[in-house]
Structures are given as C-alpha cells and as structure tokens.
$ cat input_27.pdb   # PDB, C-alpha atoms
MODEL        1
ATOM      1  CA  MET A1156     -51.063-108.940 -14.000
ATOM      2  CA  ARG A1157     -53.341-108.737 -16.966
ATOM      3  CA  THR A1158     -53.719-111.721 -19.093
ATOM      4  CA  ALA A1159     -53.209-111.902 -22.765
ATOM      5  CA  GLU A1160     -56.868-111.998 -23.416
ATOM      6  CA  GLU A1161     -57.515-108.883 -21.458
ATOM      7  CA  ARG A1162     -54.793-107.073 -23.410
ATOM      8  CA  ARG A1163     -56.414-108.226 -26.689
ATOM      9  CA  ASN A1164     -59.691-106.809 -25.656
ATOM     10  CA  MET A1165     -58.224-103.511 -24.814
ATOM     11  CA  LEU A1166     -56.557-103.291 -28.151
ATOM     12  CA  GLU A1167     -59.724-104.032 -29.975
ATOM     13  CA  LYS A1168     -61.545-101.298 -28.121
ATOM     14  CA  LEU A1169     -58.858 -98.867 -29.027
ATOM     15  CA  LEU A1170     -58.932 -99.816 -32.638
ATOM     16  CA  GLU A1171     -62.660 -99.421 -32.739
ATOM     17  CA  ARG A1172     -62.452 -95.985 -31.208
ATOM     18  CA  VAL A1173     -59.864 -94.948 -33.809
ATOM     19  CA  ARG A1174     -61.999 -96.203 -36.586
ATOM     20  CA  LYS A1175     -64.933 -94.344 -35.220
ATOM     21  CA  ASN A1176     -63.066 -91.062 -35.018
ATOM     22  CA  ARG A1177     -61.724 -91.497 -38.511
ATOM     23  CA  SER A1178     -65.132 -92.022 -39.922
ATOM     24  CA  GLU A1179     -66.505 -88.964 -38.152
ATOM     25  CA  LEU A1180     -63.797 -86.850 -39.610
ATOM     26  CA  GLU A1181     -64.423 -88.165 -43.038
ATOM     27  CA  GLN A1182     -68.091 -87.379 -42.785
ATOM     28  CA  ALA A1183     -67.464 -83.861 -41.601
ATOM     29  CA  ARG A1184     -65.087 -83.144 -44.449
ATOM     30  CA  LEU A1185     -67.575 -84.228 -46.903
ATOM     31  CA  ALA A1186     -70.433 -82.261 -45.262
ATOM     32  CA  GLY A1187     -68.929 -78.675 -45.431
ATOM     33  CA  PRO A1188     -66.181 -76.372 -44.499
ATOM     34  CA  ALA A1189     -64.615 -77.322 -41.559
ATOM     35  CA  PRO A1190     -65.449 -75.260 -38.524
ATOM     36  CA  GLU A1191     -62.963 -72.737 -37.495
ATOM     37  CA  PRO A1192     -60.483 -74.402 -35.545
ATOM     38  CA  VAL A1193     -60.546 -73.433 -32.033
ATOM     39  CA  VAL A1194     -57.613 -71.362 -31.519
ATOM     40  CA  PRO A1195     -56.379 -71.895 -28.196
ATOM     41  CA  GLU A1196     -55.637 -68.779 -26.337
ATOM     42  CA  PRO A1197     -52.076 -67.984 -26.679
ATOM     43  CA  ILE A1198     -50.306 -68.565 -23.633
ATOM     44  CA  GLU A1199     -48.476 -65.495 -22.842
ATOM     45  CA  PRO A1200     -45.087 -66.330 -21.829
ATOM     46  CA  GLU A1201     -44.020 -65.144 -18.553
ATOM     47  CA  PRO A1202     -42.049 -61.963 -18.823
ATOM     48  CA  VAL A1203     -38.562 -62.766 -18.746
ATOM     49  CA  GLU A1204     -36.258 -60.197 -17.518
ATOM     50  CA  PRO A1205     -34.083 -59.202 -20.324
ATOM     51  CA  VAL A1206     -30.687 -60.302 -19.882
ATOM     52  CA  PRO A1207     -28.496 -57.346 -20.389
ATOM     53  CA  GLU A1208     -26.435 -57.819 -23.273
ATOM     54  CA  PRO A1209     -22.928 -57.884 -22.324
ATOM     55  CA  GLU A1210     -21.281 -54.641 -22.978
ATOM     56  CA  PRO A1211     -19.071 -54.861 -25.823
ATOM     57  CA  GLU A1212     -15.627 -55.063 -24.730
ATOM     58  CA  PRO A1213     -13.898 -51.842 -25.401
ATOM     59  CA  GLU A1214     -11.774 -52.056 -28.296
ATOM     60  CA  ILE A1215      -8.256 -51.900 -27.325
ATOM     61  CA  VAL A1216      -6.727 -49.484 -29.591
ATOM     62  CA  THR A1217      -3.217 -50.289 -29.836
ATOM     63  CA  GLU A1218      -0.901 -47.985 -31.534
ATOM     64  CA  PRO A1219       0.605 -49.559 -34.381
ATOM     65  CA  GLU A1220       3.992 -50.568 -33.658
ATOM     66  CA  PRO A1221       6.335 -48.150 -35.202
ATOM     67  CA  VAL A1222       7.543 -49.457 -38.275
ATOM     68  CA  PRO A1223      11.217 -49.086 -38.239
ATOM     69  CA  GLU A1224      12.377 -46.885 -40.900
ATOM     70  CA  PRO A1225      14.078 -48.722 -43.425
ATOM     71  CA  VAL A1226      17.662 -48.576 -42.716
ATOM     72  CA  PRO A1227      19.472 -47.652 -45.752
ATOM     73  CA  GLU A1228      21.688 -50.266 -46.580
ATOM     74  CA  PRO A1229      25.164 -49.157 -46.030
ATOM     75  CA  GLU A1230      26.861 -48.305 -49.085
ATOM     76  CA  PRO A1231      29.345 -50.769 -49.853
ATOM     77  CA  GLU A1232      32.604 -49.573 -48.684
ATOM     78  CA  PRO A1233      34.849 -48.740 -51.439
ATOM     79  CA  GLU A1234      37.339 -51.216 -51.847
ATOM     80  CA  PRO A1235      40.396 -50.060 -50.122
ATOM     81  CA  VAL A1236      42.759 -48.621 -52.504
ATOM     82  CA  PRO A1237      46.047 -50.017 -51.759
ATOM     83  CA  GLU A1238      48.144 -47.246 -50.466
ATOM     84  CA  PRO A1239      51.170 -46.689 -52.420
ATOM     85  CA  GLU A1240      53.984 -48.100 -50.657
ATOM     86  CA  PRO A1241      55.839 -45.366 -48.953
ATOM     87  CA  GLU A1242      58.989 -44.587 -50.479
ATOM     88  CA  PRO A1243      61.702 -45.892 -48.401
ATOM     89  CA  GLU A1244      62.900 -43.098 -46.271
ATOM     90  CA  PRO A1245      66.411 -42.318 -46.836
ATOM     91  CA  GLU A1246      68.406 -43.606 -44.085
ATOM     92  CA  PRO A1247      69.108 -40.840 -41.696
ATOM     93  CA  GLU A1248      72.447 -39.587 -42.077
ATOM     94  CA  PRO A1249      74.436 -40.483 -39.132
ATOM     95  CA  GLU A1250      74.650 -37.536 -36.892
ATOM     96  CA  PRO A1251      78.044 -36.170 -36.924
ATOM     97  CA  GLU A1252      79.830 -37.102 -33.907
ATOM     98  CA  PRO A1253      79.921 -34.243 -31.566
ATOM     99  CA  VAL A1254      82.987 -32.392 -32.175
ATOM    100  CA  PRO A1255      84.632 -31.780 -28.949
ATOM    101  CA  ALA A1256      84.638 -28.137 -28.212
ATOM    102  CA  PRO A1257      87.946 -26.672 -28.872
ATOM    103  CA  VAL A1258      89.854 -26.131 -25.820
ATOM    104  CA  ALA A1259      89.115 -22.567 -25.116
ATOM    105  CA  LYS A1260      91.882 -20.348 -24.402
ATOM    106  CA  ALA A1261      91.860 -18.833 -21.022
ATOM    107  CA  GLU A1262      90.862 -15.519 -22.507
ATOM    108  CA  GLU A1263      87.913 -16.988 -24.470
ATOM    109  CA  ALA A1264      86.275 -18.844 -21.618
ATOM    110  CA  THR A1265      83.370 -17.074 -20.024
ATOM    111  CA  PRO A1266      85.088 -15.197 -17.325
ATOM    112  CA  GLU A1267      83.952 -15.290 -13.803
ATOM    113  CA  THR A1268      82.415 -12.112 -12.517
ATOM    114  CA  ARG A1269      83.502 -10.933  -9.135
ATOM    115  CA  THR A1270      81.362  -8.457  -7.343
ATOM    116  CA  PHE A1271      82.468  -5.960  -4.773
ATOM    117  CA  GLU A1272      79.841  -4.092  -2.904
ATOM    118  CA  ALA A1273      80.118  -1.434  -0.334
ATOM    119  CA  PRO A1274      77.021  -1.336   1.781
ATOM    120  CA  VAL A1275      77.181   1.915   3.614
ATOM    121  CA  GLU A1276      75.322   2.193   6.862
ATOM    122  CA  ALA A1277      72.864   4.959   7.332
ATOM    123  CA  SER A1278      75.198   6.898   9.586
ATOM    124  CA  GLY A1279      77.766   7.022   6.843
ATOM    125  CA  SER A1280      80.529   6.699   9.359
ATOM    126  CA  VAL A1281      81.156   3.018   8.895
ATOM    127  CA  ALA A1282      81.406   1.052   5.719
ATOM    128  CA  GLN A1283      81.746  -2.658   5.432
ATOM    129  CA  VAL A1284      83.244  -4.121   2.347
ATOM    130  CA  GLU A1285      83.266  -7.674   1.182
ATOM    131  CA  GLY A1286      85.961  -8.610  -1.229
ATOM    132  CA  GLU A1287      89.146 -10.434  -1.700
ATOM    133  CA  ARG A1288      92.352  -8.930  -0.586
ATOM    134  CA  GLU A1289      94.664 -10.494  -3.013
ATOM    135  CA  LYS A1290      97.457  -8.592  -4.626
ATOM    136  CA  GLN A1291      95.918  -8.824  -8.054
ATOM    137  CA  TRP A1292      92.879  -7.032  -6.728
ATOM    138  CA  THR A1293      94.604  -3.835  -5.789
ATOM    139  CA  ILE A1294      92.935  -0.749  -7.202
ATOM    140  CA  GLU A1295      95.978  -0.004  -9.332
ATOM    141  CA  ALA A1296      96.091  -3.528 -10.788
ATOM    142  CA  VAL A1297      92.377  -3.612 -11.503
ATOM    143  CA  LEU A1298      92.392  -0.240 -13.246
ATOM    144  CA  ASN A1299      95.487  -1.115 -15.276
ATOM    145  CA  ARG A1300      94.071  -4.403 -16.521
ATOM    146  CA  ALA A1301      90.727  -2.816 -17.346
ATOM    147  CA  TRP A1302      92.372   0.019 -19.203
ATOM    148  CA  LYS A1303      94.568  -2.271 -21.270
ATOM    149  CA  LEU A1304      91.595  -4.131 -22.718
ATOM    150  CA  GLY A1305      91.302  -3.182 -26.348
ATOM    151  CA  SER A1306      94.421  -1.053 -26.318
ATOM    152  CA  SER A1307      97.991  -1.697 -27.372
ATOM    153  CA  GLY A1308      99.775   0.703 -25.132
ATOM    154  CA  GLU A1309     100.364   1.220 -21.500
ATOM    155  CA  ALA A1310      97.968   3.180 -19.398
TER     156      ALA A1310
ATOM    157  CA  MET B 650      91.411  -2.285   8.163
ATOM    158  CA  SER B 651      94.543  -0.330   7.368
ATOM    159  CA  HIS B 652      92.926   2.540   5.530
ATOM    160  CA  PRO B 653      90.566   5.119   6.942
ATOM    161  CA  ALA B 654      86.962   4.152   6.415
ATOM    162  CA  PHE B 655      84.793   6.190   4.167
ATOM    163  CA  ASP B 656      83.115   8.838   6.258
ATOM    164  CA  ALA B 657      80.036  10.385   4.765
ATOM    165  CA  ALA B 658      79.501  12.659   7.705
ATOM    166  CA  GLY B 659      81.887  15.280   6.446
ATOM    167  CA  LEU B 660      80.964  15.241   2.807
ATOM    168  CA  VAL B 661      78.337  17.935   3.084
ATOM    169  CA  LYS B 662      78.449  20.932   5.375
ATOM    170  CA  PHE B 663      75.430  23.154   5.732
ATOM    171  CA  ASP B 664      76.113  26.854   6.413
ATOM    172  CA  LEU B 665      72.651  28.093   7.157
ATOM    173  CA  GLY B 666      73.909  31.601   7.983
ATOM    174  CA  SER B 667      75.224  32.155   4.509
ATOM    175  CA  GLY B 668      72.641  29.947   2.849
ATOM    176  CA  THR B 669      75.250  27.694   1.300
ATOM    177  CA  ILE B 670      76.186  24.066   1.229
ATOM    178  CA  ARG B 671      79.817  23.124   0.912
ATOM    179  CA  SER B 672      81.782  19.951   0.340
ATOM    180  CA  THR B 673      84.778  18.848   2.363
ATOM    181  CA  GLY B 674      86.875  20.704  -0.188
ATOM    182  CA  GLU B 675      84.864  23.863   0.493
ATOM    183  CA  GLU B 676      83.233  23.633  -2.886
ATOM    184  CA  PRO B 677      79.737  25.110  -2.998
ATOM    185  CA  LEU B 678      77.082  22.461  -3.575
ATOM    186  CA  ALA B 679      73.454  22.458  -4.573
ATOM    187  CA  LEU B 680      70.824  19.862  -3.783
ATOM    188  CA  ILE B 681      69.008  19.063  -6.957
ATOM    189  CA  PRO B 682      66.017  16.707  -7.178
ATOM    190  CA  THR B 683      66.754  13.675  -9.286
ATOM    191  CA  ASP B 684      63.667  14.440 -11.361
ATOM    192  CA  VAL B 685      65.386  17.656 -12.401
ATOM    193  CA  VAL B 686      68.593  15.784 -13.142
ATOM    194  CA  SER B 687      66.708  13.337 -15.329
ATOM    195  CA  MET B 688      65.508  16.249 -17.465
ATOM    196  CA  ILE B 689      69.031  17.063 -18.555
ATOM    197  CA  GLU B 690      69.728  15.821 -22.042
ATOM    198  CA  PRO B 691      72.991  14.007 -22.677
ATOM    199  CA  SER B 692      75.530  16.374 -24.126
ATOM    200  CA  GLU B 693      79.212  17.181 -24.097
ATOM    201  CA  ASP B 694      78.610  19.839 -21.482
ATOM    202  CA  LEU B 695      76.792  17.373 -19.268
ATOM    203  CA  ASP B 696      79.623  14.894 -19.680
ATOM    204  CA  LYS B 697      82.173  17.554 -18.809
ATOM    205  CA  ALA B 698      80.247  18.652 -15.745
ATOM    206  CA  ALA B 699      79.676  15.080 -14.598
ATOM    207  CA  ARG B 700      83.356  14.281 -14.994
ATOM    208  CA  ARG B 701      84.235  17.299 -12.917
ATOM    209  CA  TRP B 702      81.792  16.212 -10.252
ATOM    210  CA  GLY B 703      83.163  12.656 -10.196
ATOM    211  CA  ALA B 704      86.730  13.935 -10.087
ATOM    212  CA  LEU B 705      85.973  15.909  -6.930
ATOM    213  CA  HIS B 706      84.805  12.734  -5.207
ATOM    214  CA  GLY B 707      87.604  10.643  -6.674
ATOM    215  CA  GLY B 708      90.065  13.124  -5.209
ATOM    216  CA  LEU B 709      89.022  12.011  -1.734
ATOM    217  CA  LEU B 710      90.070   8.460  -2.431
ATOM    218  CA  ALA B 711      93.196   9.599  -4.242
ATOM    219  CA  GLU B 712      94.403  11.382  -1.101
ATOM    220  CA  VAL B 713      93.814   8.254   0.956
ATOM    221  CA  LEU B 714      95.647   6.113  -1.562
ATOM    222  CA  PHE B 715      98.560   8.593  -1.653
ATOM    223  CA  ASP B 716      98.951   8.435   2.076
ATOM    224  CA  ALA B 717      98.473   4.675   2.312
ATOM    225  CA  GLU B 718     101.552   2.644   3.207
ATOM    226  CA  GLU B 719     100.338  -0.397   1.265
ATOM    227  CA  PRO B 720      98.468  -0.773  -1.974
ATOM    228  CA  SER B 721      94.764  -0.685  -1.379
ATOM    229  CA  ASN B 722      92.469  -3.334  -2.683
ATOM    230  CA  VAL B 723      89.547  -2.838  -4.968
ATOM    231  CA  ASP B 724      87.151  -3.213  -2.096
ATOM    232  CA  MET B 725      88.365   0.181  -0.982
ATOM    233  CA  LEU B 726      87.306   1.575  -4.348
ATOM    234  CA  ALA B 727      83.919  -0.023  -3.789
ATOM    235  CA  GLU B 728      83.775   1.552  -0.367
ATOM    236  CA  TYR B 729      84.710   5.077  -1.381
ATOM    237  CA  LEU B 730      83.041   5.259  -4.748
ATOM    238  CA  GLY B 731      80.000   3.540  -3.323
ATOM    239  CA  GLY B 732      79.976   5.991  -0.458
ATOM    240  CA  SER B 733      80.104   8.963  -2.812
ATOM    241  CA  LEU B 734      77.279   7.646  -4.977
ATOM    242  CA  THR B 735      75.148   6.865  -1.962
ATOM    243  CA  THR B 736      75.619  10.194  -0.236
ATOM    244  CA  THR B 737      74.910  12.128  -3.402
ATOM    245  CA  GLY B 738      71.745  10.179  -4.012
ATOM    246  CA  LEU B 739      72.953   8.693  -7.270
ATOM    247  CA  GLY B 740      72.437   5.101  -6.199
ATOM    248  CA  ARG B 741      73.925   2.001  -4.687
ATOM    249  CA  LEU B 742      77.116   0.595  -6.168
ATOM    250  CA  ALA B 743      78.434  -2.856  -6.907
ATOM    251  CA  ILE B 744      81.727  -3.277  -8.739
ATOM    252  CA  GLN B 745      81.767  -6.207 -11.123
ATOM    253  CA  ILE B 746      85.009  -7.519 -12.569
ATOM    254  CA  ARG B 747      84.539  -9.931 -15.468
ATOM    255  CA  GLY B 748      87.908 -11.238 -16.479
ATOM    256  CA  ASP B 749      89.821  -7.990 -16.706
ATOM    257  CA  ALA B 750      86.763  -5.962 -17.612
ATOM    258  CA  LEU B 751      85.675  -3.443 -15.010
ATOM    259  CA  MET B 752      81.952  -2.805 -14.664
ATOM    260  CA  PHE B 753      79.838  -0.781 -12.299
ATOM    261  CA  SER B 754      76.286  -1.674 -11.366
ATOM    262  CA  ILE B 755      74.375   1.255  -9.923
ATOM    263  CA  THR B 756      70.884   0.880  -8.569
ATOM    264  CA  GLY B 757      68.725   3.849  -7.740
ATOM    265  CA  GLY B 758      65.762   3.934  -5.422
ATOM    266  CA  GLU B 759      62.237   2.951  -6.315
ATOM    267  CA  ARG B 760      61.361   6.495  -7.347
ATOM    268  CA  THR B 761      64.523   7.079  -9.247
ATOM    269  CA  ALA B 762      63.735   8.577 -12.584
ATOM    270  CA  VAL B 763      65.285   6.511 -15.319
ATOM    271  CA  SER B 764      66.440   8.664 -18.198
ATOM    272  CA  PRO B 765      69.254   9.048 -20.688
ATOM    273  CA  GLY B 766      70.305  12.168 -18.822
ATOM    274  CA  ARG B 767      70.778  10.281 -15.560
ATOM    275  CA  ARG B 768      72.770   7.591 -17.315
ATOM    276  CA  ALA B 769      74.981  10.162 -18.997
ATOM    277  CA  LEU B 770      75.472  11.860 -15.664
ATOM    278  CA  LEU B 771      76.503   8.600 -14.024
ATOM    279  CA  ALA B 772      78.829   7.685 -16.885
ATOM    280  CA  GLY B 773      80.574  11.049 -16.668
ATOM    281  CA  PHE B 774      80.762  10.839 -12.883
ATOM    282  CA  LEU B 775      82.414   7.400 -13.041
ATOM    283  CA  ALA B 776      84.875   8.494 -15.708
ATOM    284  CA  GLY B 777      85.878  11.584 -13.736
ATOM    285  CA  TYR B 778      86.224   9.555 -10.552
ATOM    286  CA  LEU B 779      88.559   6.986 -12.168
ATOM    287  CA  GLU B 780      90.619   9.689 -13.856
ATOM    288  CA  ALA B 781      91.207  11.274 -10.462
ATOM    289  CA  LEU B 782      92.949   8.086  -9.323
ATOM    290  CA  GLY B 783      95.648   8.033 -11.990
ATOM    291  CA  PRO B 784      97.099   9.546 -15.132
ATOM    292  CA  ALA B 785      94.968   7.636 -17.614
ATOM    293  CA  ALA B 786      91.823   8.936 -19.275
ATOM    294  CA  PHE B 787      88.802   6.704 -18.974
ATOM    295  CA  GLY B 788      85.802   6.141 -21.148
ATOM    296  CA  VAL B 789      82.598   4.819 -19.636
ATOM    297  CA  VAL B 790      79.825   3.138 -21.627
ATOM    298  CA  HIS B 791      76.302   2.393 -20.478
ATOM    299  CA  LEU B 792      75.929  -1.344 -21.091
ATOM    300  CA  SER B 793      72.414  -2.109 -19.990
ATOM    301  CA  GLY B 794      69.560  -0.819 -17.894
ATOM    302  CA  GLU B 795      66.725  -2.614 -16.165
ATOM    303  CA  GLY B 796      64.438  -0.531 -14.063
ATOM    304  CA  SER B 797      66.540   1.746 -11.939
ATOM    305  CA  ASN B 798      69.587  -0.456 -12.296
ATOM    306  CA  ASP B 799      72.236   0.519 -14.778
ATOM    307  CA  VAL B 800      75.436  -1.285 -15.650
ATOM    308  CA  PHE B 801      78.446   0.592 -17.007
ATOM    309  CA  TRP B 802      81.704  -0.551 -18.475
ATOM    310  CA  ALA B 803      84.922   1.422 -17.945
ATOM    311  CA  GLY B 804      88.178   1.286 -19.860
ATOM    312  CA  ASN B 805      90.350   3.223 -22.242
ATOM    313  CA  PRO B 806      88.488   5.660 -24.508
ATOM    314  CA  ASP B 807      89.283   3.790 -27.736
ATOM    315  CA  ALA B 808      87.913   0.553 -26.369
ATOM    316  CA  ALA B 809      84.873   2.461 -25.092
ATOM    317  CA  ARG B 810      84.112   3.668 -28.577
ATOM    318  CA  GLN B 811      84.527   0.122 -29.890
ATOM    319  CA  ILE B 812      82.114  -1.320 -27.361
ATOM    320  CA  GLN B 813      79.642   1.473 -28.024
ATOM    321  CA  SER B 814      79.795   0.614 -31.709
ATOM    322  CA  TRP B 815      79.126  -3.068 -31.060
ATOM    323  CA  LEU B 816      76.192  -2.234 -28.837
ATOM    324  CA  GLU B 817      74.701  -0.042 -31.535
ATOM    325  CA  GLN B 818      75.045  -2.962 -33.909
ATOM    326  CA  GLY B 819      72.905  -5.014 -31.555
ATOM    327  CA  LEU B 820      75.537  -7.094 -29.865
ATOM    328  CA  ASP B 821      74.655  -8.359 -26.421
ATOM    329  CA  PRO B 822      76.350  -6.184 -23.772
ATOM    330  CA  LEU B 823      78.252  -8.967 -22.081
ATOM    331  CA  SER B 824      79.150 -10.428 -25.450
ATOM    332  CA  ALA B 825      80.613  -7.086 -26.376
ATOM    333  CA  VAL B 826      82.649  -7.059 -23.204
ATOM    334  CA  ASP B 827      83.883 -10.581 -23.803
ATOM    335  CA  ARG B 828      84.611  -9.794 -27.426
ATOM    336  CA  LEU B 829      86.833  -6.975 -26.398
ATOM    337  CA  ALA B 830      88.663  -9.283 -24.013
ATOM    338  CA  GLN B 831      89.249 -11.671 -26.928
ATOM    339  CA  GLY B 832      90.925  -8.963 -28.935
ATOM    340  CA  GLY B 833      87.846  -7.852 -30.837
ATOM    341  CA  ASP B 834      87.363 -11.117 -32.754
ATOM    342  CA  ALA B 835      83.769 -12.220 -33.405
TER     343      ALA B 835
ENDMDL
END
$ encode --input "input_27.pdb" --output "structure tokens"
Amino acid sequence: MRTAEERRNMLEKLLERVRKNRSELEQARLAGPAPEPVVPEPIEPEPVEPVPEPEPEPEIVTEPEPVPEPVPEPEPEPEPVPEPEPEPEPEPEPEPEPVPAPVAKAEEATPETRTFEAPVEASGSVAQVEGEREKQWTIEAVLNRAWKLGSSGEA
Amino acid sequence: MSHPAFDAAGLVKFDLGSGTIRSTGEEPLALIPTDVVSMIEPSEDLDKAARRWGALHGGLLAEVLFDAEEPSNVDMLAEYLGGSLTTTGLGRLAIQIRGDALMFSITGGERTAVSPGRRALLAGFLAGYLEALGPAAFGVVHLSGEGSNDVFWAGNPDAARQIQSWLEQGLDPLSAVDRLAQGGDA
C-alpha cells in the first residue's frame, strides 16, 4: 500500500511531464509548419464474407377480390292495386230437381234383343239351334208381329 | 226335335257327266265366286233374281212347316235359313228379335268382299225366303255393316220404305227400328 506522500510524488511527476510536453508543442508550433503527421498505415480490415442479402420475398400477387357488381336495387314494388272486389256471383240457380223419367210405355222401353243362331256343323247333316221354344216364338207369330210393325192391316 | 233337321248334304248335286249342278228341286245351279257377286250393282233385276233365289231355299222350309204337326219355333227358321246361307257361301246367320222387330245378322268370311251388290243380294234373298213362308210380301232393309257383318231388318214393304227414309236422314239404325215400334213418333 502506497502512502499518501508517495502518491503526491507521482502526481507531481506526471504534472511536470505534461507541462514539458505542452511546452514542446508550443515551441514547435511557433518554429514552423508542423511536420506531416505520420499517417499510420491503414489497417486493412479483414475481408468479411459478404452476407448475402436476403432475397426479397416474392411479392404475393393476390388477385383483387372481385368486386361484387353493384346489385341494382330492386325497384320498389308497385304498390298493390287493390283488386276490384269481385262482383258477387249470382247465386247458382238451384238445379232443377231431376224429373223422374216418365214411366215408359212397354213399347217405348228399349226392347230386349233375342238372338237365335244356327251353327251348322261342317258335315251339314246336323244343326244345333239354341233358342226358346215358347209359343210366342213360333215362326208364324214372329213373322206376323214383325210384319205388323208400321202397318195398319193384317199380314 | 220334332222336325227334320236341316240337311245340307242334298242341297247340291253334281252331275259331272252332263257338266251340271242341280239343287234338290232339280234346278240348275252355278258356282259363282263371291268376288264376282260383289261386282253386281244393286238394281231391280238383282233384287228380283235374289228374291227368286231366296224363295227357292225358303220353299224347303215351307214344305217342312206344311208337314209339321205342331207349329215350329223360330229356332227352326234360324236353322234352315242359316243352313241355306251357309251352304251357299253367303255367310253365317243370327236372327235378332228386338221387341217385335225382326233382324238378320249375316257375317261373311274374312275374305268376303263387302259391297253394295252383296248387300242387295242378301236383302233380296232374305225377302224371297220370307215370302216363301207365307202370303205376305216382305221388304228388307240393310241397317248397318261393319266389316263383313251386315244387319238387315225385315217387315212389311211400307215400313221398309219408312225405315230406309229415316236411315237416309241420318237416324241411328236401331233408333229407326225402335221408332217404328213406337208408331213412327220421334
């Protein structure tokens, strides 16, 4: 550990050296141009590998969002025209009550049709006949009744 | 069956030696194709000939009826008249009786030529056949035809003319028949 006196001595020496340097500089300035300053050799910096610039990020071309066509505003609906009130339909006439068909006379009713056929076999020797054998269906009676239709006299 | 059945076997007799065909009544016959018959135009002569032809066949039934002990029913008419029509190739018969109206439905074969001449021939044949059965004259009217089927009405000649007139006016055939039955009122 240095003592206080030793530290004072050191400070005085330093101050004296500073004064000395300052006076030398003052004398030199007054004596002439100052000598070229010694340019220290430039210290070449060590080559530094270039850092590749980051590639520019590709621009993301985004299609513009389709602009929705302007929707025409719907035309205001015409105000509903009040329909004319339908004319009150005339009350349907009551259907006439079905008139009961007049009691048809026996002659006016659709007569029944009787059919008599005579299928003849191929041999021609036998014939089968279907028909009624009532008295009113005799040949004479049938021909007489048929003949009298539309006539006023006897056959 | 009290009456003798219709026998077609004796209706036509071939005499090849003389080159003739004869009926049971010894009448000379001729086989004529129906196509030829259909070429005959309706006429008074055709009606007269057809009536004569029908009368010859009706005479067969008339003899049977004359000899019969009891009145014969209409089915016998169907049998004999149907037999005559079948054996002569004129068609198949069905008798239809509507009220008192007497109608005949005659159906030819598939190849039967449908023509006014054939219908006139059938109408005359039916009229002659019915006239052979009694004293009355008959008129026969063609009511309707569908394919080879023809329907005829038979009655007194005045009524036949009346029905023919209604048909020509466009009245439905059966309506005409019914109208006649109602006394001619519409």
$ interface_residues --input "input_27.pdb" --of "chain B" --to "chain A" --cutoff "7 Å" --atoms "all atoms listed in the file" --output "PyMOL selection string"
chain B and resi 654-658+720-724+726-728+731-732+742-751+785+804-805+808+829-832
$ atom_distance --input "input_27.pdb" --atom1 "CA of Ala809 in chain B" --atom2 "CA of Pro784 in chain B"
17.3 Å
$ atom_distance --input "input_27.pdb" --atom1 "CA of Leu770 in chain B" --atom2 "CA of Val713 in chain B"
25.0 Å
$ atom_distance --input "input_27.pdb" --atom1 "CA of Met688 in chain B" --atom2 "CA of Gly766 in chain B"
6.4 Å
$ residues_around --input "input_27.pdb" --residues "Arg768 in chain B" --least-positions-apart "4" --cutoff "12 Å" --atoms "all atoms listed in the file" --output "ChimeraX atom specification"
/B:683,686-692,695-696,699,739-740,754-757,761-764,772-775,789-795,797-801
$ write_last_selection --input "input_27.pdb" --atoms "C-alpha atoms" --output "PDB file, keeping the file's coordinate frame"
ATOM      1  CA  THR B 683      66.754  13.675  -9.286  1.00  0.00           C
ATOM      2  CA  VAL B 686      68.593  15.784 -13.142  1.00  0.00           C
ATOM      3  CA  SER B 687      66.708  13.337 -15.329  1.00  0.00           C
ATOM      4  CA  MET B 688      65.508  16.249 -17.465  1.00  0.00           C
ATOM      5  CA  ILE B 689      69.031  17.063 -18.555  1.00  0.00           C
ATOM      6  CA  GLU B 690      69.728  15.821 -22.042  1.00  0.00           C
ATOM      7  CA  PRO B 691      72.991  14.007 -22.677  1.00  0.00           C
ATOM      8  CA  SER B 692      75.530  16.374 -24.126  1.00  0.00           C
ATOM      9  CA  LEU B 695      76.792  17.373 -19.268  1.00  0.00           C
ATOM     10  CA  ASP B 696      79.623  14.894 -19.680  1.00  0.00           C
ATOM     11  CA  ALA B 699      79.676  15.080 -14.598  1.00  0.00           C
ATOM     12  CA  LEU B 739      72.953   8.693  -7.270  1.00  0.00           C
ATOM     13  CA  GLY B 740      72.437   5.101  -6.199  1.00  0.00           C
ATOM     14  CA  SER B 754      76.286  -1.674 -11.366  1.00  0.00           C
ATOM     15  CA  ILE B 755      74.375   1.255  -9.923  1.00  0.00           C
ATOM     16  CA  THR B 756      70.884   0.880  -8.569  1.00  0.00           C
ATOM     17  CA  GLY B 757      68.725   3.849  -7.740  1.00  0.00           C
ATOM     18  CA  THR B 761      64.523   7.079  -9.247  1.00  0.00           C
ATOM     19  CA  ALA B 762      63.735   8.577 -12.584  1.00  0.00           C
ATOM     20  CA  VAL B 763      65.285   6.511 -15.319  1.00  0.00           C
ATOM     21  CA  SER B 764      66.440   8.664 -18.198  1.00  0.00           C
ATOM     22  CA  ALA B 772      78.829   7.685 -16.885  1.00  0.00           C
ATOM     23  CA  GLY B 773      80.574  11.049 -16.668  1.00  0.00           C
ATOM     24  CA  PHE B 774      80.762  10.839 -12.883  1.00  0.00           C
ATOM     25  CA  LEU B 775      82.414   7.400 -13.041  1.00  0.00           C
ATOM     26  CA  VAL B 789      82.598   4.819 -19.636  1.00  0.00           C
ATOM     27  CA  VAL B 790      79.825   3.138 -21.627  1.00  0.00           C
ATOM     28  CA  HIS B 791      76.302   2.393 -20.478  1.00  0.00           C
ATOM     29  CA  LEU B 792      75.929  -1.344 -21.091  1.00  0.00           C
ATOM     30  CA  SER B 793      72.414  -2.109 -19.990  1.00  0.00           C
ATOM     31  CA  GLY B 794      69.560  -0.819 -17.894  1.00  0.00           C
ATOM     32  CA  GLU B 795      66.725  -2.614 -16.165  1.00  0.00           C
ATOM     33  CA  SER B 797      66.540   1.746 -11.939  1.00  0.00           C
ATOM     34  CA  ASN B 798      69.587  -0.456 -12.296  1.00  0.00           C
ATOM     35  CA  ASP B 799      72.236   0.519 -14.778  1.00  0.00           C
ATOM     36  CA  VAL B 800      75.436  -1.285 -15.650  1.00  0.00           C
ATOM     37  CA  PHE B 801      78.446   0.592 -17.007  1.00  0.00           C
TER      38      PHE B 801
END
$ resolve_selection --input "input_27.pdb" --expression "the PyMOL selection byres ((chain B and resi 812) around 9)" --output "PyMOL selection string"
chain B and resi 790+792+802+807-811+813-817+822+825-826+828-829
$ resolve_selection --input "input_27.pdb" --expression "the PyMOL selection byres ((chain B and resi 711) around 12)" --output "JSON, numbers by chain"
{"A": [1294, 1295], "B": [704, 705, 706, 707, 708, 709, 710, 712, 713, 714, 715, 716, 717, 720, 721, 725, 726, 729, 730, 778, 779, 780, 781, 782, 783, 784]}
